[in-house]
Structure formats: C-alpha cells, structure tokens
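For reference, start-v7.txt is printed below; it contains compact mmCIF, C-alpha atoms.
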```txt
# COMPACT_ATOMS: atom_id res chain seq x y z
CA MET F 1 -7.90 -20.67 -5.49
CA GLU F 2 -4.82 -20.96 -7.69
CA HIS F 3 -1.11 -21.31 -7.17
CA LEU F 4 -1.18 -21.44 -3.39
CA GLN F 5 2.25 -21.74 -1.78
CA GLN F 6 3.47 -22.44 1.73
CA LYS F 7 3.73 -18.77 2.65
CA SER F 8 1.37 -15.98 3.56
CA LEU F 9 -1.34 -15.90 0.94
CA SER F 10 -1.96 -12.85 -1.19
CA TYR F 11 -5.26 -10.98 -1.18
CA PRO F 12 -6.44 -12.52 -4.50
CA GLU F 13 -5.69 -16.02 -3.19
CA LEU F 14 -7.54 -15.32 0.05
CA ALA F 15 -10.51 -13.86 -1.83
CA SER F 16 -10.60 -16.86 -4.17
CA PHE F 17 -10.44 -19.41 -1.33
CA CYS F 18 -13.12 -17.66 0.75
CA GLY F 19 -15.36 -17.27 -2.28
CA GLU F 20 -15.11 -20.95 -3.18
CA MET F 21 -15.71 -22.07 0.42
CA GLY F 22 -18.65 -19.69 0.74
CA MET F 23 -20.23 -21.13 -2.41
CA ILE F 24 -19.66 -24.70 -1.18
CA LEU F 25 -21.11 -24.02 2.28
CA ARG F 26 -24.08 -22.15 0.76
CA SER F 27 -24.94 -25.26 -1.27
CA GLY F 28 -25.25 -27.33 1.91
CA ILE F 29 -21.89 -29.12 1.73
CA SER F 30 -19.85 -29.26 4.95
CA ALA F 31 -16.45 -27.60 5.26
CA LEU F 32 -14.74 -31.01 5.47
CA GLU F 33 -16.40 -32.23 2.28
CA GLY F 34 -15.69 -28.89 0.66
CA LEU F 35 -11.95 -29.26 1.30
CA GLU F 36 -12.08 -32.74 -0.22
CA LEU F 37 -13.80 -31.34 -3.32
CA LEU F 38 -11.18 -28.60 -3.65
CA MET F 39 -8.38 -31.19 -3.36
CA GLU F 40 -9.91 -33.26 -6.15
CA ASP F 41 -10.26 -30.19 -8.34
CA THR F 42 -6.76 -28.73 -7.96
CA GLN F 43 -3.73 -29.67 -10.08
CA ASN F 44 -1.23 -27.63 -8.05
CA ASP F 45 0.95 -29.67 -5.66
CA ALA F 46 1.47 -26.82 -3.17
CA GLU F 47 -2.25 -26.10 -3.11
CA LYS F 48 -3.06 -29.78 -2.67
CA THR F 49 -0.62 -30.04 0.26
CA LEU F 50 -2.17 -27.03 1.94
CA LEU F 51 -5.71 -28.35 1.52
CA ASP F 52 -4.65 -31.79 2.74
CA THR F 53 -3.20 -30.24 5.90
CA MET F 54 -6.52 -28.56 6.58
CA TYR F 55 -8.44 -31.73 5.74
CA GLN F 56 -6.38 -33.87 8.12
CA SER F 57 -6.84 -31.29 10.90
CA MET F 58 -10.63 -31.35 10.54
CA GLN F 59 -10.71 -35.15 10.29
CA SER F 60 -8.91 -35.38 13.64
CA GLY F 61 -11.69 -33.37 15.26
CA GLY F 62 -10.54 -29.80 14.79
CA THR F 63 -12.74 -26.93 13.68
CA PHE F 64 -12.44 -25.19 10.33
CA ALA F 65 -10.82 -22.20 12.08
CA ASP F 66 -8.29 -24.58 13.71
CA ALA F 67 -7.52 -26.05 10.29
CA LEU F 68 -6.86 -22.59 8.86
CA SER F 69 -4.64 -21.71 11.80
CA ARG F 70 -2.63 -24.92 11.49
CA THR F 71 -1.43 -24.05 7.99
CA GLY F 72 0.26 -20.84 9.13
CA VAL F 73 -0.56 -19.05 5.86
CA PHE F 74 -3.91 -17.44 6.69
CA PRO F 75 -4.09 -14.04 8.46
CA SER F 76 -5.32 -13.94 12.05
CA TYR F 77 -8.26 -11.71 11.09
CA LEU F 78 -9.63 -14.37 8.71
CA ILE F 79 -9.14 -17.11 11.32
CA HIS F 80 -10.92 -15.11 14.04
CA MET F 81 -13.84 -14.25 11.77
CA THR F 82 -14.10 -17.90 10.68
CA ALA F 83 -14.27 -18.99 14.33
CA ILE F 84 -17.05 -16.48 14.94
CA GLY F 85 -18.90 -17.73 11.85
CA GLU F 86 -18.73 -21.28 13.18
CA GLU F 87 -19.96 -20.20 16.61
CA THR F 88 -22.93 -18.28 15.20
CA GLY F 89 -23.78 -20.80 12.47
CA ARG F 90 -23.22 -18.22 9.74
CA LEU F 91 -19.96 -19.54 8.30
CA ASP F 92 -21.25 -19.37 4.71
CA ASP F 93 -22.14 -15.68 5.08
CA VAL F 94 -18.82 -14.97 6.77
CA MET F 95 -16.79 -16.66 4.02
CA GLU F 96 -18.60 -14.75 1.28
CA SER F 97 -18.12 -11.49 3.18
CA LEU F 98 -14.43 -12.30 3.67
CA SER F 99 -14.12 -12.86 -0.07
CA ALA F 100 -15.54 -9.41 -0.76
CA HIS F 101 -13.35 -7.97 2.00
CA TYR F 102 -10.11 -9.32 0.50
CA GLN F 103 -11.15 -8.27 -2.99
CA ARG F 104 -11.48 -4.75 -1.64
CA GLU F 105 -8.12 -5.05 0.14
CA GLU F 106 -6.47 -6.08 -3.13
CA SER F 107 -8.08 -3.17 -4.95
CA LEU F 108 -6.84 -0.76 -2.28
CA SER F 109 -3.33 -2.21 -2.31
CA ARG F 110 -3.18 -2.05 -6.09
CA SER F 111 -4.31 1.59 -6.07
CA ILE F 112 -1.73 2.53 -3.44
CA ARG F 113 1.05 0.67 -5.28
CA SER F 114 0.21 2.52 -8.48
CA SER F 115 0.30 5.87 -6.67
CA LEU F 116 3.77 5.11 -5.29
CA SER F 117 5.35 3.24 -8.21
CA TYR F 118 4.79 5.98 -10.80
CA PRO F 119 6.62 8.78 -8.93
CA LEU F 120 9.40 6.37 -7.96
CA ILE F 121 9.94 5.41 -11.60
CA MET F 122 9.93 9.07 -12.63
CA ILE F 123 12.43 9.99 -9.91
CA ILE F 124 14.73 7.11 -10.88
CA LEU F 125 14.60 8.16 -14.54
CA MET F 126 15.38 11.74 -13.53
CA LEU F 127 18.41 10.63 -11.55
CA VAL F 128 19.64 8.43 -14.42
CA VAL F 129 19.36 11.30 -16.93
CA ILE F 130 21.12 13.71 -14.58
CA VAL F 131 23.94 11.25 -13.81
CA ILE F 132 24.49 10.57 -17.54
CA LEU F 133 24.64 14.30 -18.26
CA ILE F 134 27.11 14.90 -15.46
CA THR F 135 29.39 11.90 -16.04
CA LYS F 136 29.24 11.49 -19.83
CA VAL F 137 28.10 14.72 -21.49
CA MET F 138 29.91 17.26 -19.30
CA PRO F 139 33.41 15.81 -19.95
CA VAL F 140 32.75 16.01 -23.71
CA PHE F 141 31.81 19.70 -23.40
CA ASN F 142 34.95 20.22 -21.34
CA GLN F 143 37.09 18.77 -24.12
CA VAL F 144 35.36 20.98 -26.66
CA PHE F 145 35.90 23.91 -24.33
CA LYS F 146 39.64 23.23 -24.31
CA GLN F 147 39.85 22.61 -28.03
CA LEU F 148 38.25 25.97 -28.81
CA GLY F 149 41.29 27.64 -27.31
CA SER F 150 40.38 28.22 -23.71
CA GLU F 151 44.00 27.54 -22.72
CA GLN F 152 45.31 30.12 -25.19
CA LEU F 153 42.71 32.63 -24.05
CA GLY F 154 43.58 31.98 -20.43
CA THR F 155 40.06 30.96 -19.45
CA GLU F 156 38.68 27.84 -17.79
CA MET F 157 35.41 26.58 -16.47
CA THR F 158 34.49 28.29 -13.25
CA GLY F 159 31.62 28.48 -10.81
CA LEU F 160 28.67 26.18 -11.43
CA SER F 161 30.22 24.67 -14.56
CA LYS F 162 33.37 23.63 -12.73
CA GLY F 163 31.37 22.33 -9.79
CA ILE F 164 29.21 20.12 -12.01
CA LEU F 165 32.32 18.86 -13.84
CA LEU F 166 34.01 17.95 -10.55
CA LEU F 167 30.84 16.22 -9.35
CA GLY F 168 30.77 14.15 -12.53
CA SER F 169 34.43 13.24 -12.04
CA VAL F 170 33.76 12.10 -8.49
CA LEU F 171 30.73 10.06 -9.55
CA SER F 172 32.71 8.36 -12.31
CA ARG F 173 35.69 7.62 -10.07
CA TYR F 174 33.65 6.22 -7.17
CA ALA F 175 30.72 4.80 -9.14
CA LEU F 176 30.89 1.41 -7.42
CA VAL F 177 30.82 3.01 -3.98
CA PHE F 178 27.77 5.10 -4.88
CA VAL F 179 25.96 2.07 -6.33
CA ILE F 180 26.60 0.11 -3.13
CA LEU F 181 25.39 3.03 -0.99
CA ILE F 182 22.22 3.44 -3.05
CA ALA F 183 21.53 -0.30 -2.91
CA ALA F 184 22.05 -0.25 0.86
CA VAL F 185 19.63 2.68 1.26
CA ILE F 186 17.00 0.94 -0.89
CA ALA F 187 17.42 -2.32 1.04
CA ALA F 188 17.17 -0.47 4.37
CA GLY F 189 14.01 1.27 3.15
CA ILE F 190 12.41 -2.03 2.12
CA VAL F 191 13.29 -3.66 5.45
CA LEU F 192 12.10 -0.63 7.39
CA THR F 193 8.71 -0.54 5.67
CA ARG F 194 8.17 -4.22 6.46
CA THR F 195 8.38 -3.59 10.20
CA GLU F 196 5.64 -2.04 12.32
CA LYS F 197 7.98 0.69 13.59
CA GLY F 198 9.13 1.49 10.05
CA ARG F 199 5.57 1.75 8.72
CA HIS F 200 4.70 3.95 11.69
CA LEU F 201 7.59 6.29 10.85
CA ALA F 202 6.71 6.30 7.13
CA GLY F 203 3.11 7.14 8.04
CA LYS F 204 4.20 10.11 10.12
CA LEU F 205 6.47 11.42 7.37
CA GLY F 206 3.79 11.01 4.71
CA HIS F 207 1.23 12.76 6.90
CA ARG F 208 3.14 16.03 6.47
CA PHE F 209 2.08 16.20 2.81
CA ARG F 210 -1.56 16.89 1.93
CA HIS F 211 -1.96 14.40 -0.90
CA PHE F 212 -0.31 11.57 1.03
CA ARG F 213 -2.38 12.47 4.09
CA GLU F 214 -5.62 12.34 2.11
CA ILE F 215 -4.71 9.02 0.49
CA ALA F 216 -3.68 7.46 3.83
CA ASP F 217 -6.80 8.69 5.61
CA CYS F 218 -9.13 7.51 2.84
CA SER F 219 -7.41 4.12 2.66
CA ALA F 220 -7.68 3.67 6.43
CA SER F 221 -11.36 4.69 6.40
CA CYS F 222 -12.09 2.18 3.64
CA ARG F 223 -10.32 -0.66 5.46
CA PHE F 224 -11.96 0.21 8.77
CA ALA F 225 -15.47 0.50 7.35
CA GLY F 226 -15.11 -2.73 5.37
CA ALA F 227 -13.83 -4.63 8.41
CA MET F 228 -16.56 -3.22 10.66
CA ALA F 229 -19.25 -4.18 8.11
CA LEU F 230 -17.93 -7.74 8.07
CA ALA F 231 -17.66 -7.89 11.87
CA LEU F 232 -21.18 -6.56 12.47
CA LYS F 233 -22.67 -8.89 9.85
CA SER F 234 -20.98 -11.79 11.60
CA GLY F 235 -22.77 -11.00 14.85
CA LEU F 236 -19.96 -9.22 16.69
CA THR F 237 -20.62 -6.35 19.04
CA PRO F 238 -19.25 -2.94 18.00
CA GLU F 239 -16.61 -3.22 20.75
CA ARG F 240 -15.25 -6.52 19.42
CA GLY F 241 -15.57 -5.24 15.88
CA LEU F 242 -13.36 -2.29 16.78
CA GLU F 243 -10.84 -4.63 18.36
CA PHE F 244 -10.57 -6.74 15.19
CA SER F 245 -10.73 -3.81 12.77
CA ARG F 246 -7.93 -1.79 14.36
CA ASN F 247 -5.49 -4.61 13.59
CA LEU F 248 -5.94 -3.91 9.87
CA ILE F 249 -5.05 -0.21 10.14
CA GLU F 250 -1.45 0.93 9.68
CA ASP F 251 -1.96 4.72 9.71
CA PRO F 252 -0.85 5.82 13.23
CA PHE F 253 -3.07 8.92 13.21
CA TYR F 254 -6.17 6.92 12.29
CA LEU F 255 -5.30 4.36 14.96
CA GLU F 256 -5.31 7.13 17.55
CA ARG F 257 -8.87 8.02 16.56
CA ILE F 258 -9.98 4.39 16.83
CA ASP F 259 -8.41 4.14 20.29
CA GLN F 260 -10.23 7.32 21.32
CA CYS F 261 -13.46 5.82 19.95
CA CYS F 262 -12.92 2.70 22.08
CA ALA F 263 -12.38 4.91 25.14
CA GLU F 264 -15.58 6.84 24.42
CA ILE F 265 -17.58 3.61 24.16
CA GLU F 266 -16.13 2.39 27.47
CA GLN F 267 -17.38 5.62 29.04
CA GLY F 268 -20.91 4.89 27.83
CA THR F 269 -21.06 6.80 24.55
CA GLU F 270 -23.15 5.16 21.83
CA PHE F 271 -21.14 3.54 19.03
CA SER F 272 -22.33 5.88 16.27
CA GLY F 273 -21.85 8.92 18.49
CA ALA F 274 -18.33 7.80 19.43
CA LEU F 275 -17.39 7.43 15.76
CA VAL F 276 -18.54 10.98 15.03
CA LYS F 277 -17.11 12.52 18.20
CA THR F 278 -13.63 11.09 17.65
CA LYS F 279 -13.73 11.95 13.92
CA VAL F 280 -13.22 8.37 12.79
CA PHE F 281 -15.69 9.46 10.12
CA THR F 282 -16.29 13.07 9.13
CA GLY F 283 -18.56 14.96 6.77
CA VAL F 284 -21.18 12.94 4.92
CA TYR F 285 -19.81 9.70 6.41
CA ALA F 286 -20.43 11.03 9.90
CA ARG F 287 -24.05 11.82 8.99
CA MET F 288 -24.49 8.36 7.49
CA THR F 289 -23.11 6.83 10.69
CA ALA F 290 -25.44 8.89 12.87
CA ILE F 291 -28.48 7.84 10.82
CA ALA F 292 -27.34 4.19 10.87
CA GLY F 293 -27.12 4.30 14.66
CA LYS F 294 -30.77 5.36 14.88
CA SER F 295 -32.06 2.98 12.20
CA GLY F 296 -30.11 -0.10 13.30
CA MET F 297 -28.52 -0.57 9.86
CA MET F 298 -24.92 0.00 10.86
CA ASP F 299 -23.53 -3.03 9.00
CA GLU F 300 -25.13 -1.98 5.69
CA VAL F 301 -24.07 1.64 6.10
CA MET F 302 -20.50 0.58 6.91
CA GLU F 303 -20.39 -1.38 3.67
CA GLN F 304 -21.69 1.66 1.76
CA ILE F 305 -19.03 3.84 3.40
CA ALA F 306 -16.32 1.33 2.44
CA ASP F 307 -17.46 1.39 -1.21
CA ARG F 308 -17.59 5.19 -1.28
CA CYS F 309 -14.18 5.49 0.37
CA GLU F 310 -12.71 3.10 -2.19
CA GLU F 311 -14.03 5.29 -5.02
CA GLU F 312 -12.82 8.42 -3.24
CA LEU F 313 -9.38 6.85 -2.84
CA ARG F 314 -9.13 6.30 -6.58
CA GLU F 315 -10.09 9.93 -7.16
CA HIS F 316 -7.39 11.11 -4.74
CA ILE F 317 -4.78 8.96 -6.48
CA THR F 318 -5.83 10.25 -9.91
CA SER F 319 -5.64 13.83 -8.64
CA PHE F 320 -2.25 13.17 -7.05
CA LEU F 321 -0.80 11.74 -10.26
CA ALA F 322 -2.30 14.59 -12.30
CA VAL F 323 -0.32 17.07 -10.17
CA LEU F 324 2.81 14.97 -9.82
CA GLU F 325 3.41 14.18 -13.50
CA PRO F 326 3.87 17.77 -14.75
CA THR F 327 5.73 18.70 -11.57
CA LEU F 328 8.37 16.01 -12.11
CA VAL F 329 8.67 16.91 -15.81
CA ILE F 330 9.19 20.58 -14.91
CA ILE F 331 11.81 19.72 -12.28
CA LEU F 332 13.69 17.48 -14.73
CA SER F 333 13.53 20.15 -17.45
CA VAL F 334 14.87 22.83 -15.11
CA ILE F 335 17.75 20.66 -13.87
CA VAL F 336 18.75 19.58 -17.38
CA GLY F 337 18.47 23.18 -18.57
CA ILE F 338 20.74 24.42 -15.77
CA ILE F 339 23.35 21.74 -16.55
CA LEU F 340 23.34 22.53 -20.26
CA LEU F 341 23.46 26.29 -19.71
CA SER F 342 26.36 25.88 -17.32
CA VAL F 343 28.49 24.57 -20.20
CA MET F 344 26.92 26.42 -23.11
CA LEU F 345 27.45 29.89 -21.67
CA PRO F 346 31.24 29.46 -21.20
CA LEU F 347 31.50 28.05 -24.74
CA LEU F 348 29.60 31.03 -26.12
CA GLY F 349 31.94 33.31 -24.20
CA ILE F 350 35.00 31.68 -25.81
CA MET F 351 33.47 31.79 -29.27
CA ALA F 352 32.72 35.48 -28.83
CA GLY F 353 36.36 36.14 -27.84
CA LEU F 354 37.89 34.28 -30.78
```

Represent the supplied structure as structure tokens.
Amino acid sequence: MEHLQQKSLSYPELASFCGEMGMILRSGISALEGLELLMEDTQNDAEKTLLDTMYQSMQSGGTFADALSRTGVFPSYLIHMTAIGEETGRLDDVMESLSAHYQREESLSRSIRSSLSYPLIMIILMLVVIVILITKVMPVFNQVFKQLGSEQLGTEMTGLSKGILLLGSVLSRYALVFVILIAAVIAAGIVLTRTEKGRHLAGKLGHRFRHFREIADCSASCRFAGAMALALKSGLTPERGLEFSRNLIEDPFYLERIDQCCAEIEQGTEFSGALVKTKVFTGVYARMTAIAGKSGMMDEVMEQIADRCEEELREHITSFLAVLEPTLVIILSVIVGIILLSVMLPLLGIMAGL
C-alpha cells in the first residue's frame, strides 16, 4: 500500500491494502496487530496517518469494518464485505478476494480509459489540423489568389472556398471566445460524467452505437460476475449478493436486467434460472450459470465468467480501435483534401486564364 492520501483510494491502492491485510490475517496475526505492522513499515506520512486512524478506532473497541468506515476513504462495498468477513470468520479470505476484485476493477478501468482516450486524442488532433488550415493556410492562399491577378481578371473566391475563408476569419477574430466555449463544454462534460445522472445519460447515448454497447455490456458483466463471486464466497445469499453487486454497475440497461432478476427471485425463481431468464448472462455464460446452479459451484463459475468477460472486453476494445483508427484517418484526409481543393481549383482557374 503506497502513497495513500486522505481522499478516495484508487483501485491499485485498495488492491494493495487488501492484499497485504489478507496475507497478514492468513499468517495468524490479528487485524489490530496487522495495522501496527503496516504503520511501522510505511515511510509515507499520509499513509501513516490513515493507518493510525484505523488503529485508534480498533483500540477503542471498534471492529475492522468500523475502522475502515471511520477513515472515509474506503468504498462502501469494501466496508460491507469486510463486515461480512468478520461476522463469518472468513476475513482473511474476504480480504484476498477483495484484492483480486480491485485488481480486476483497475484492469477494466484501464482498458476502458484506453478505448476512450485514443479516439479523443485523434479527434482533438483532427480539429487542430483543420483549424490551422482554415485560419493560417487559407489566408495565404487568398493572398496568392489576389496576387495572381484575380482582381484584374474580375474573379474572386466563391462558394465553398469563400465560405471556408470567412469561417477562418471568424475563428481568428473570436478565437478567445471559442476557446472559452470549448473549455466550458469540456468542463461541463467532466462534471456531468461524475454525477450519477450524467453517467446514466452517457450510458444511454453510448448504447446507440454497437461497439460502445458491446464494451459497456461486457464491462458490466465482468464487474457483476466478479462481485457476485466475491459475495458468494463470503457466505452471502444470492439475494444479498445481487444487492451489493448492483451498486457497482453504472450501465442503466444492465441495471434493469439485474432489477428484473431480483424480481424473478422474489417470485420464487431459482437464482441461476433468474439470471438466464432476465438475460443478465447470455450464450455460453448462460449455460455455465445453469450448470453451476445444478452443481452448487456458483461462486467458482462466477469467477470464471468474470475472467472470460475481462478477456472478451479486451478483444472488443482491440476490435473497436482497429476500426476507429483508419476511420478517423480517412475522415481527416477527406476534410483536408476538400479544404485544399477548395483553394487549389480557383487558383488553377486563374492560371489557366492568364
């Protein structure tokens, strides 16, 4: 556990902390003694303060889950699962499973960030190239156009050429205004995606596109299966496991399926059958779930599904980038070509008339 700060911890930090605590508890050392060992081992002041807060909470009679909650930096899911581990006497298993869970979450987040960052960078570069062409290159061509005798020949830029030139003039004149507007839009987008309503809206918009829909569905399946595997291993019933797991899902369409699954279970449908009926899992995953329900190995099968979904997610992202890269290059080439042709053709017309 390195570089902890007094804010919500990142997935790598959570995975590191849970892994260290799981190893300590597995060796027969109590959670209180384990915190003391971690404090002695760390050189980071923020980390030491955080561990000391937890240590003081446990010394005053609180549970390990209470100590985690008191810091305000651990997610509620981890705190709830820790409380269950303490109740069932399987805290060491729970901590090790949480470590694997947050490692998977970090892997998923990293994959999703890579799938979004690449097209955003490409789009920004496209816009920069287009703006430079319009504001810097087009005026130069216009000067050349005039110098070649367009005024004597009685011709001037018309149509698309004139429109692009005027657009470049407007962009140059009101550049500060456009920069402020773009910054405001970016800031609004960041704020919107950090709220539950904003993520819900973004999920609905992304669901209209096949690649985004596949990535979102696979990511949600991986998170759900991983959380359910951890919950079932910790001794939770499927109903409580569903309750905890749904809090990790942000895809609104996948949440609807989980809610339908909960309703089916309340009506008496078996857990595995409810998962298949509501299409929480489909295809081979549905068959694996059905077999797990009969064999009583649901926790192990859920973990296998999570691993497979994680691999499938990477394949979807690779496929998405393979399609997106040439598409963006083609779009940029076409736009640049249109801009250049819009000025080259009038110049060729003047040169032919001289």

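Each of F:Asp251, F:Asp217, F:Glu40, F:Glu300 was checked against Lys233 (chain F) using all atoms listed in the file; the smallest atom-to-atom distance is that of F:Glu300.
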
Review point. If you count only C-alpha atoms, which residues fall within 12 Å of Thr318 (chain F), apart from same-chain ones fewer than 3 positions away, as a VMD selection string?
Key: chain F and resid 111 to 112 114 to 116 118 211 215 311 to 315 321 to 325

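You can rank F:Met58, F:Ala15, F:Leu236, F:Ile121 by their closest distance to Glu87 (chain F) using only C-alpha atoms, and at the top of that list sits F:Leu236.
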
Expressed in Å, the length from CA of Glu33 (chain F) to CA of Lys48 (chain F) is 14.4 Å

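For the residues F:Thr71, F:Thr53, F:Ser99, F:Thr82, ranking by smallest atom-to-atom distance to Gly19 (chain F) using all atoms listed in the file places F:Ser99 first.
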
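For the pair CA of Ser333 (chain F) and CA of Ile317 (chain F), the interatomic distance is 24.1 Å.
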